[in-house]
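S.K.: The structure that follows is given in the form of structure tokens.
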Amino acid sequence: MKIKINISSDILTKPIMAESILETGVLLNISQAHYDRSQGEVVADVDEEKFDLICKSLTNKGARVSKLNTPIKWDENECVECSACISVCPTKVFSLDDDFSLIVDESKCIQCGTCIDMCPHNALSLGNNNNR
Amino acid sequence: MVKKTIHEINGRIRDGSVNVVTAEEMVHIVGELGAEGAAKEVDVVTTGTFGAMCSSGVWLNFGHSEPPIKMQKVFLNDVEAYTGVAAVDAFIGATQLSESLGMEYGGAHVIEDLIRGKSIHLHATSHGTDCYPRKVLDTTLSLEDMNQAIMMNPRNAYQKYNAATNGTKNTIHTYMGSLLPSFGNVTYSGAGVLSPLSNDPDYMTIGAGTRIFLGGTQGYIVGQGTQHSSGGGFGTLMVQGDLKHMSPDYIRAANFTGYGTSLYVGMGVPIPILNEQIAQATAVTDAGVTTKILDYGIPSRDRAAVRDVTYEELRSGSVDINGRDVPTSSLSSFKKSRLIASELKEWITRGDFFVSMPVERLPKDISAKPMKQTEGIALVSDIMAVSVVTIAKDASVYDAAKTIMETAFNHLPVVNADNALVGVVTAWDISKAVSQNKFDLVEDIMTRKVITAIADERVAVVARRMDQDSVSAMPVINKERHIIGMITSDDISKLYARRS
């Protein structure tokens, strides 16, 4: 499952992710990380059963952890199945079927929002767990 | 030798014995029976394409108001339409942007809204005349209120189109979509095997007057499209059709981030198989249509070709660029293109659509010229200041302040011991340092990420970079990062002020 870890500026320089991984032995597969002066934001994949464990450890160290359970939303009425989204998606959410119908595998979505800018028909959007 | 006439084929459409196939099906038929056999067997081949066609729009006639107005300016849902033709006619173009919503909404959206039966707001102004006394008009209209709504697209259905990639280090947003840095993806447009003009590249049956499928209804080819460049295999069509009968399934507004609006147009052209040459031409495959991948990172009319590529390779999902597998995306919908070719086939088979012979064929072997520019293209080296005052990175903030005061240069490029550019320091940086009581070295307060220009860049390109990166001056550097000049927004303003 995808999770988002927000790290506030006061603890930004501490290796809390590494600490939590070592402490719990839970593996995080980081797919996106963005740091600036105000905060850090990391999107990662984690085994669903281990979520509580890592969540607790990270929270104890001052991070805020949220589940990203609203992947990209596909509006089939707006979509013309051009496939513009395919080449910009880093995790291959989109593909074409044999009959050139668009297939959307939401489970792969890391909610980076790149496809939203790409879609010429405003057929893709992200829910409330991303500010885009 | 097979020889058929349009008359005979239309006779078969009338009596229900006509054999119509799509351009995809024709590939296999010619493969099996050969061109001559296929020409005997098949009467009509249908093509189809559905993609972004920016050069599209609609002529509208609103009817006369009481008292009447001769519109000088007209806005439809706040999108300007051209009304410099008589009193109440206007052309709404697909890429014209809303005055208030900008790139979110444009002429293309007005067109789609009209087809969907929505009402649109019309605002018109005029200077008033004895015969047309009214000066301002506001009303709400829907498609059925118009006398005519004739889609008239100056340039549609490119025979094929260049594919796009991006060799720069930043993502760019183009009419070919988002192009990721370092050749991160390739986008393309066009229907390849189903492309109308690629199925009749010698224009044996396609020309002025050809009846076509346009936006879900019957339309016509007016003639060659603008920028028709048949010599290089980039023919285009000017087409028209009645918007009142079109469907939002085949006409869709689009937004390209950072570019603006465009219109997705669905078009299908029937190709009557009059002889085996025509049959052979319609056997074209994706592999038989070659185009180029261009680097859209180059801000020039003459973009470098990265490589040649066929539609078959593009449609496979990835292409090789410099030894790397790069993912591809189509901007046209092949599924919809297929749907259009099938629907047109169905119309003809049912006897609802008859094929036609053009009254004039499209011109062959002509090419589109680039623009003649009489003002010359200004280069950075033409307007940059060549006497530049620099400061060493280990100079003090005080020295920098003094230099700025003495020379009246607002931007001081900072150099290292080899005289290479390492940063820039401005009067603002110094004020900031002073206000924080920081009197360090220049290198501690300078901006390290310097936006630079090179001498042979075009001024218009540099001006846009200045605007995008919100800077007012750039050092002009050579390959060794030595500073050879400085270009400022003032220099650019002066250049344009001089011209006007």
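As shown in the structure tokens, the chain order sets the letters A, B, ...; within each chain, residues go from 1, and ligands are also counted from 1 in the order they appear.
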For region 371-382 of chain B, list every protein, DNA or RNA residue within 7 Å, evaluated using only C-alpha atoms, and leave out those in the same chain fewer than 2 positions away; present the list as an MDAnalysis selection string.
M.R.: chainID B and resid 369 384 455:459
S.K.: Check every residue of chain B for an atom within 10 Å of chain A, counting only C-alpha atoms, and provide those that qualify as a PyMOL selection string.
M.R.: chain B and resi 50-52+104+173-180+184-189+249-250+252-258+260-264+317-318+326-338
S.K.: So the first atom is CA of Tyr132 (chain B) and the second is CA of Glu66 (chain B); what is the distance between them in Å, to one decimal place?
M.R.: 9.5 Å
S.K.: As an exercise, work out the distance from CA of Pro370 (chain B) to CA of Ala164 (chain B) in Å and give it to one decimal place.
M.R.: 19.8 Å
S.K.: Given only C-alpha atoms as the basis, pick out the residue of B:Met246, B:Ile212, B:Ile492, B:Val462 nearest to Pro272 (chain B).
M.R.: B:Ile212
S.K.: Show which residues sit within 6 Å of region 290-297 of chain B, as a list in words. Count only C-alpha atoms, and ignore same-chain residues fewer than 2 positions away.
M.R.: Asn162, Ala163, Ala164, Thr165, Asn166, Gly167, Thr168, Arg303, Ala304, Ala305, Val306, Arg307, Asp308, Val309 and Thr310 of chain B
S.K.: Fewer than 4 positions away in the same chain doesn't count, so skip those; otherwise give me all residues within 8 Å of Val93 (chain A), counting only C-alpha atoms, as a PyMOL selection string.
M.R.: chain A and resi 86+89+104-109
S.K.: Take the residues that were just selected and, keeping C-alpha atoms, output them as a PDB file, in the first residue's frame.
M.R.:
ATOM      1  CA  ILE A  86       1.088   6.281 -20.815  1.00  0.00           C
ATOM      2  CA  CYS A  89       3.574   7.723 -15.830  1.00  0.00           C
ATOM      3  CA  VAL A 104      -5.962   1.955 -15.680  1.00  0.00           C
ATOM      4  CA  ASP A 105      -4.321  -0.054 -12.900  1.00  0.00           C
ATOM      5  CA  GLU A 106      -4.916   2.247  -9.950  1.00  0.00           C
ATOM      6  CA  SER A 107      -3.050  -0.007  -7.542  1.00  0.00           C
ATOM      7  CA  LYS A 108       0.235   1.057  -9.137  1.00  0.00           C
ATOM      8  CA  CYS A 109      -0.467   4.770  -8.716  1.00  0.00           C
TER       9      CYS A 109
END
S.K.: Mind the document's chain letters and residue numbers, and return as a ChimeraX atom specification the residues of region 136-384 of chain B that DSSP labels helix (DSSP H, G or I).
M.R.: /B:143-145,192-194,197-199,230-232,243-245,276-281,286-288,311-315,334-350,380-383
S.K.: So that I have them on file, write out the residues from the current selection with N, CA and C atoms, as a CSV table (one decimal), in the first residue's frame.
M.R.:
chain,number,residue,atom,x,y,z
B,143,LEU,N,-27.1,26.5,-30.0
B,143,LEU,CA,-26.8,26.1,-31.4
B,143,LEU,C,-28.1,26.3,-32.2
B,144,GLU,N,-29.2,25.9,-31.7
B,144,GLU,CA,-30.4,25.9,-32.5
B,144,GLU,C,-30.9,27.4,-32.8
B,145,ASP,N,-30.3,28.3,-32.0
B,145,ASP,CA,-30.7,29.7,-32.3
B,145,ASP,C,-29.9,30.4,-33.4
B,192,GLY,N,-1.7,6.7,-38.8
B,192,GLY,CA,-0.9,5.7,-39.4
B,192,GLY,C,-1.7,4.9,-40.5
B,193,VAL,N,-1.9,3.6,-40.2
B,193,VAL,CA,-2.6,2.7,-41.2
B,193,VAL,C,-4.0,3.3,-41.6
B,194,LEU,N,-4.6,4.0,-40.7
B,194,LEU,CA,-5.9,4.6,-41.0
B,194,LEU,C,-5.9,6.0,-41.4
B,197,LEU,N,-5.0,10.7,-45.6
B,197,LEU,CA,-4.1,11.1,-46.7
B,197,LEU,C,-3.0,10.1,-46.9
B,198,SER,N,-2.6,9.3,-45.9
B,198,SER,CA,-1.5,8.3,-46.1
B,198,SER,C,-2.1,7.1,-46.9
B,199,ASN,N,-3.4,7.0,-47.0
B,199,ASN,CA,-4.0,5.9,-47.8
B,199,ASN,C,-4.2,6.3,-49.2
B,230,SER,N,2.7,18.8,-49.6
B,230,SER,CA,2.6,17.4,-50.2
B,230,SER,C,4.0,16.9,-50.6
B,231,GLY,N,4.9,17.8,-50.9
B,231,GLY,CA,6.2,17.3,-51.4
B,231,GLY,C,6.9,16.5,-50.4
B,232,GLY,N,6.8,16.9,-49.1
B,232,GLY,CA,7.5,16.1,-48.0
B,232,GLY,C,6.6,15.1,-47.4
B,243,LEU,N,-22.1,22.0,-38.1
B,243,LEU,CA,-22.0,21.8,-36.6
B,243,LEU,C,-23.3,21.3,-36.0
B,244,LYS,N,-24.4,21.7,-36.6
B,244,LYS,CA,-25.7,21.4,-36.0
B,244,LYS,C,-25.9,19.9,-36.0
B,245,HIS,N,-25.2,19.1,-36.8
B,245,HIS,CA,-25.4,17.7,-36.9
B,245,HIS,C,-24.3,16.9,-36.3
B,276,GLU,N,-6.3,-0.8,-59.5
B,276,GLU,CA,-5.4,-1.5,-58.6
B,276,GLU,C,-4.4,-0.5,-58.0
B,277,GLN,N,-4.1,0.6,-58.7
B,277,GLN,CA,-3.1,1.5,-58.0
B,277,GLN,C,-3.7,2.1,-56.7
B,278,ILE,N,-5.0,2.4,-56.8
B,278,ILE,CA,-5.6,2.9,-55.6
B,278,ILE,C,-5.7,1.8,-54.5
B,279,ALA,N,-6.0,0.6,-55.0
B,279,ALA,CA,-6.1,-0.5,-54.0
B,279,ALA,C,-4.7,-0.7,-53.4
B,280,GLN,N,-3.6,-0.6,-54.1
B,280,GLN,CA,-2.3,-0.8,-53.6
B,280,GLN,C,-2.0,0.3,-52.6
B,281,ALA,N,-2.4,1.5,-52.9
B,281,ALA,CA,-2.1,2.6,-52.0
B,281,ALA,C,-2.8,2.5,-50.6
B,286,ASP,N,1.1,0.7,-40.8
B,286,ASP,CA,1.9,1.5,-39.9
B,286,ASP,C,3.4,1.5,-40.2
B,287,ALA,N,3.9,0.4,-40.6
B,287,ALA,CA,5.3,0.2,-40.9
B,287,ALA,C,5.6,1.0,-42.2
B,288,GLY,N,4.6,1.3,-43.0
B,288,GLY,CA,4.9,2.0,-44.3
B,288,GLY,C,4.8,3.5,-44.1
B,311,TYR,N,5.3,4.5,-37.8
B,311,TYR,CA,4.2,4.5,-36.9
B,311,TYR,C,4.1,3.1,-36.2
B,312,GLU,N,4.6,2.1,-36.8
B,312,GLU,CA,4.6,0.8,-36.2
B,312,GLU,C,5.5,0.8,-34.9
B,313,GLU,N,6.7,1.4,-35.0
B,313,GLU,CA,7.5,1.5,-33.9
B,313,GLU,C,6.9,2.4,-32.8
B,314,LEU,N,6.3,3.5,-33.2
B,314,LEU,CA,5.7,4.4,-32.3
B,314,LEU,C,4.6,3.7,-31.5
B,315,ARG,N,3.8,3.0,-32.3
B,315,ARG,CA,2.6,2.3,-31.6
B,315,ARG,C,3.0,1.1,-30.8
B,334,PHE,N,-6.4,6.0,-31.3
B,334,PHE,CA,-6.5,5.0,-32.4
B,334,PHE,C,-7.8,4.3,-32.3
B,335,LYS,N,-8.3,4.1,-31.1
B,335,LYS,CA,-9.6,3.4,-30.9
B,335,LYS,C,-10.7,4.2,-31.6
B,336,LYS,N,-10.7,5.5,-31.4
B,336,LYS,CA,-11.7,6.4,-32.0
B,336,LYS,C,-11.5,6.4,-33.5
B,337,SER,N,-10.3,6.4,-34.0
B,337,SER,CA,-10.0,6.4,-35.4
B,337,SER,C,-10.6,5.2,-36.0
B,338,ARG,N,-10.5,4.1,-35.4
B,338,ARG,CA,-11.1,2.8,-35.8
B,338,ARG,C,-12.6,2.9,-35.9
B,339,LEU,N,-13.1,3.5,-34.8
B,339,LEU,CA,-14.6,3.6,-34.7
B,339,LEU,C,-15.1,4.4,-35.8
B,340,ILE,N,-14.4,5.5,-36.2
B,340,ILE,CA,-14.8,6.4,-37.3
B,340,ILE,C,-14.8,5.6,-38.6
B,341,ALA,N,-13.7,4.9,-38.9
B,341,ALA,CA,-13.6,4.1,-40.1
B,341,ALA,C,-14.7,3.1,-40.2
B,342,SER,N,-15.0,2.5,-39.1
B,342,SER,CA,-16.1,1.5,-39.0
B,342,SER,C,-17.5,2.1,-39.2
B,343,GLU,N,-17.7,3.3,-38.6
B,343,GLU,CA,-19.0,3.9,-38.7
B,343,GLU,C,-19.2,4.4,-40.2
B,344,LEU,N,-18.1,4.9,-40.8
B,344,LEU,CA,-18.3,5.4,-42.2
B,344,LEU,C,-18.5,4.2,-43.1
B,345,LYS,N,-17.9,3.1,-42.8
B,345,LYS,CA,-18.1,1.8,-43.5
B,345,LYS,C,-19.6,1.4,-43.4
B,346,GLU,N,-20.1,1.5,-42.2
B,346,GLU,CA,-21.5,1.2,-41.9
B,346,GLU,C,-22.5,2.1,-42.7
B,347,TRP,N,-22.2,3.4,-42.7
B,347,TRP,CA,-23.0,4.4,-43.4
B,347,TRP,C,-23.1,4.0,-44.9
B,348,ILE,N,-21.9,3.7,-45.5
B,348,ILE,CA,-21.9,3.4,-46.9
B,348,ILE,C,-22.6,2.1,-47.2
B,349,THR,N,-22.3,1.1,-46.4
B,349,THR,CA,-23.0,-0.2,-46.6
B,349,THR,C,-24.5,-0.1,-46.5
B,350,ARG,N,-25.0,0.7,-45.6
B,350,ARG,CA,-26.4,0.9,-45.4
B,350,ARG,C,-27.0,1.7,-46.5
B,380,VAL,N,21.5,37.6,-29.2
B,380,VAL,CA,22.0,38.2,-27.9
B,380,VAL,C,23.2,39.1,-28.2
B,381,SER,N,24.1,38.6,-29.0
B,381,SER,CA,25.3,39.3,-29.3
B,381,SER,C,25.0,40.7,-29.9
B,382,ASP,N,23.9,40.9,-30.5
B,382,ASP,CA,23.6,42.2,-31.1
B,382,ASP,C,23.3,43.3,-30.1
B,383,ILE,N,22.7,42.8,-29.0
B,383,ILE,CA,22.3,43.9,-28.0
B,383,ILE,C,22.9,43.8,-26.6
S.K.: Might you pull out every residue within 7 Å of Val42 (chain B), with only C-alpha atoms counted and same-chain residues fewer than 4 positions away left off, and present them as a VMD selection string?
M.R.: chain B and resid 19 to 20 38 273
S.K.: Between B:Ile451, B:Ala420, B:Leu97, B:Ala392, which is the closest to Gln468 (chain B) once you count only C-alpha atoms?
M.R.: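 Distance minimum relative to Gln468 (chain B) lands on B:Ile451.
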S.K.: So which one's closest to Gln32 (chain A), A:Asp45, A:Glu76, A:Asp52, A:Glu19? Using only C-alpha atoms, please.
M.R.: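 The shortest atom-to-atom distance to Gln32 (chain A) comes from A:Asp45.
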S.K.: Do a neighbour search on Gly107 (chain B) at 7 Å with only C-alpha atoms, toss out local chain neighbours closer than 4 positions, and write the hits as a list in words.
M.R.: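 In the requested form, the answer reads Val79, Ile92, Gly93, Ala94, Thr95, Gln96, Leu97 and Ile111 of chain B.
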S.K.: List the neighbours of Leu12 (chain A) out to 9 Å using only C-alpha atoms; skip same-chain residues closer than 3 positions along the sequence, and give me the result as a PDB file with C-alpha atoms, in the first residue's frame.
M.R.:
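The file below, out36.pdb, is the result:
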ATOM      1  CA  ILE A   7       8.315  15.568   8.036  1.00  0.00           C
ATOM      2  CA  SER A   8       8.218  19.044   9.556  1.00  0.00           C
ATOM      3  CA  SER A   9      11.116  21.478   9.183  1.00  0.00           C
ATOM      4  CA  PRO A  15      17.471  10.412   9.662  1.00  0.00           C
ATOM      5  CA  ILE A  16      14.133   9.342  11.116  1.00  0.00           C
ATOM      6  CA  TYR A  35      12.143  18.381   0.431  1.00  0.00           C
ATOM      7  CA  ARG A  37      12.735  24.611   3.488  1.00  0.00           C
ATOM      8  CA  SER A  38       9.298  24.190   4.986  1.00  0.00           C
ATOM      9  CA  GLN A  39       8.883  20.423   5.037  1.00  0.00           C
ATOM     10  CA  GLY A  40       9.679  17.052   3.557  1.00  0.00           C
TER      11      GLY A  40
END
S.K.: Output as a PyMOL selection string all residues of region 27-124 of chain A that backbone DSSP marks as strand (DSSP E).
M.R.: chain A and resi 29-35+39-45+64-67+73-74+94-96+102-104+124
S.K.: Of the candidates A:Ile54, A:Ile103, A:Ala123, A:Leu22, which shows the shortest atom-to-atom distance to Ser66 (chain A), using only C-alpha atoms?
M.R.: A:Ile54
S.K.: Let me make sure I understand: among B:Ser182, B:Asn61, B:Asn419, B:Thr447, which one has the smallest atom-to-atom distance to Ile321 (chain B) if we use only C-alpha atoms?
M.R.: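 Looking at the shortest contact to Ile321 (chain B), the residue is B:Ser182.
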S.K.: Any idea what the distance is between CA of Val18 (chain B) and CA of Tyr220 (chain B)?
M.R.: 21.7 Å
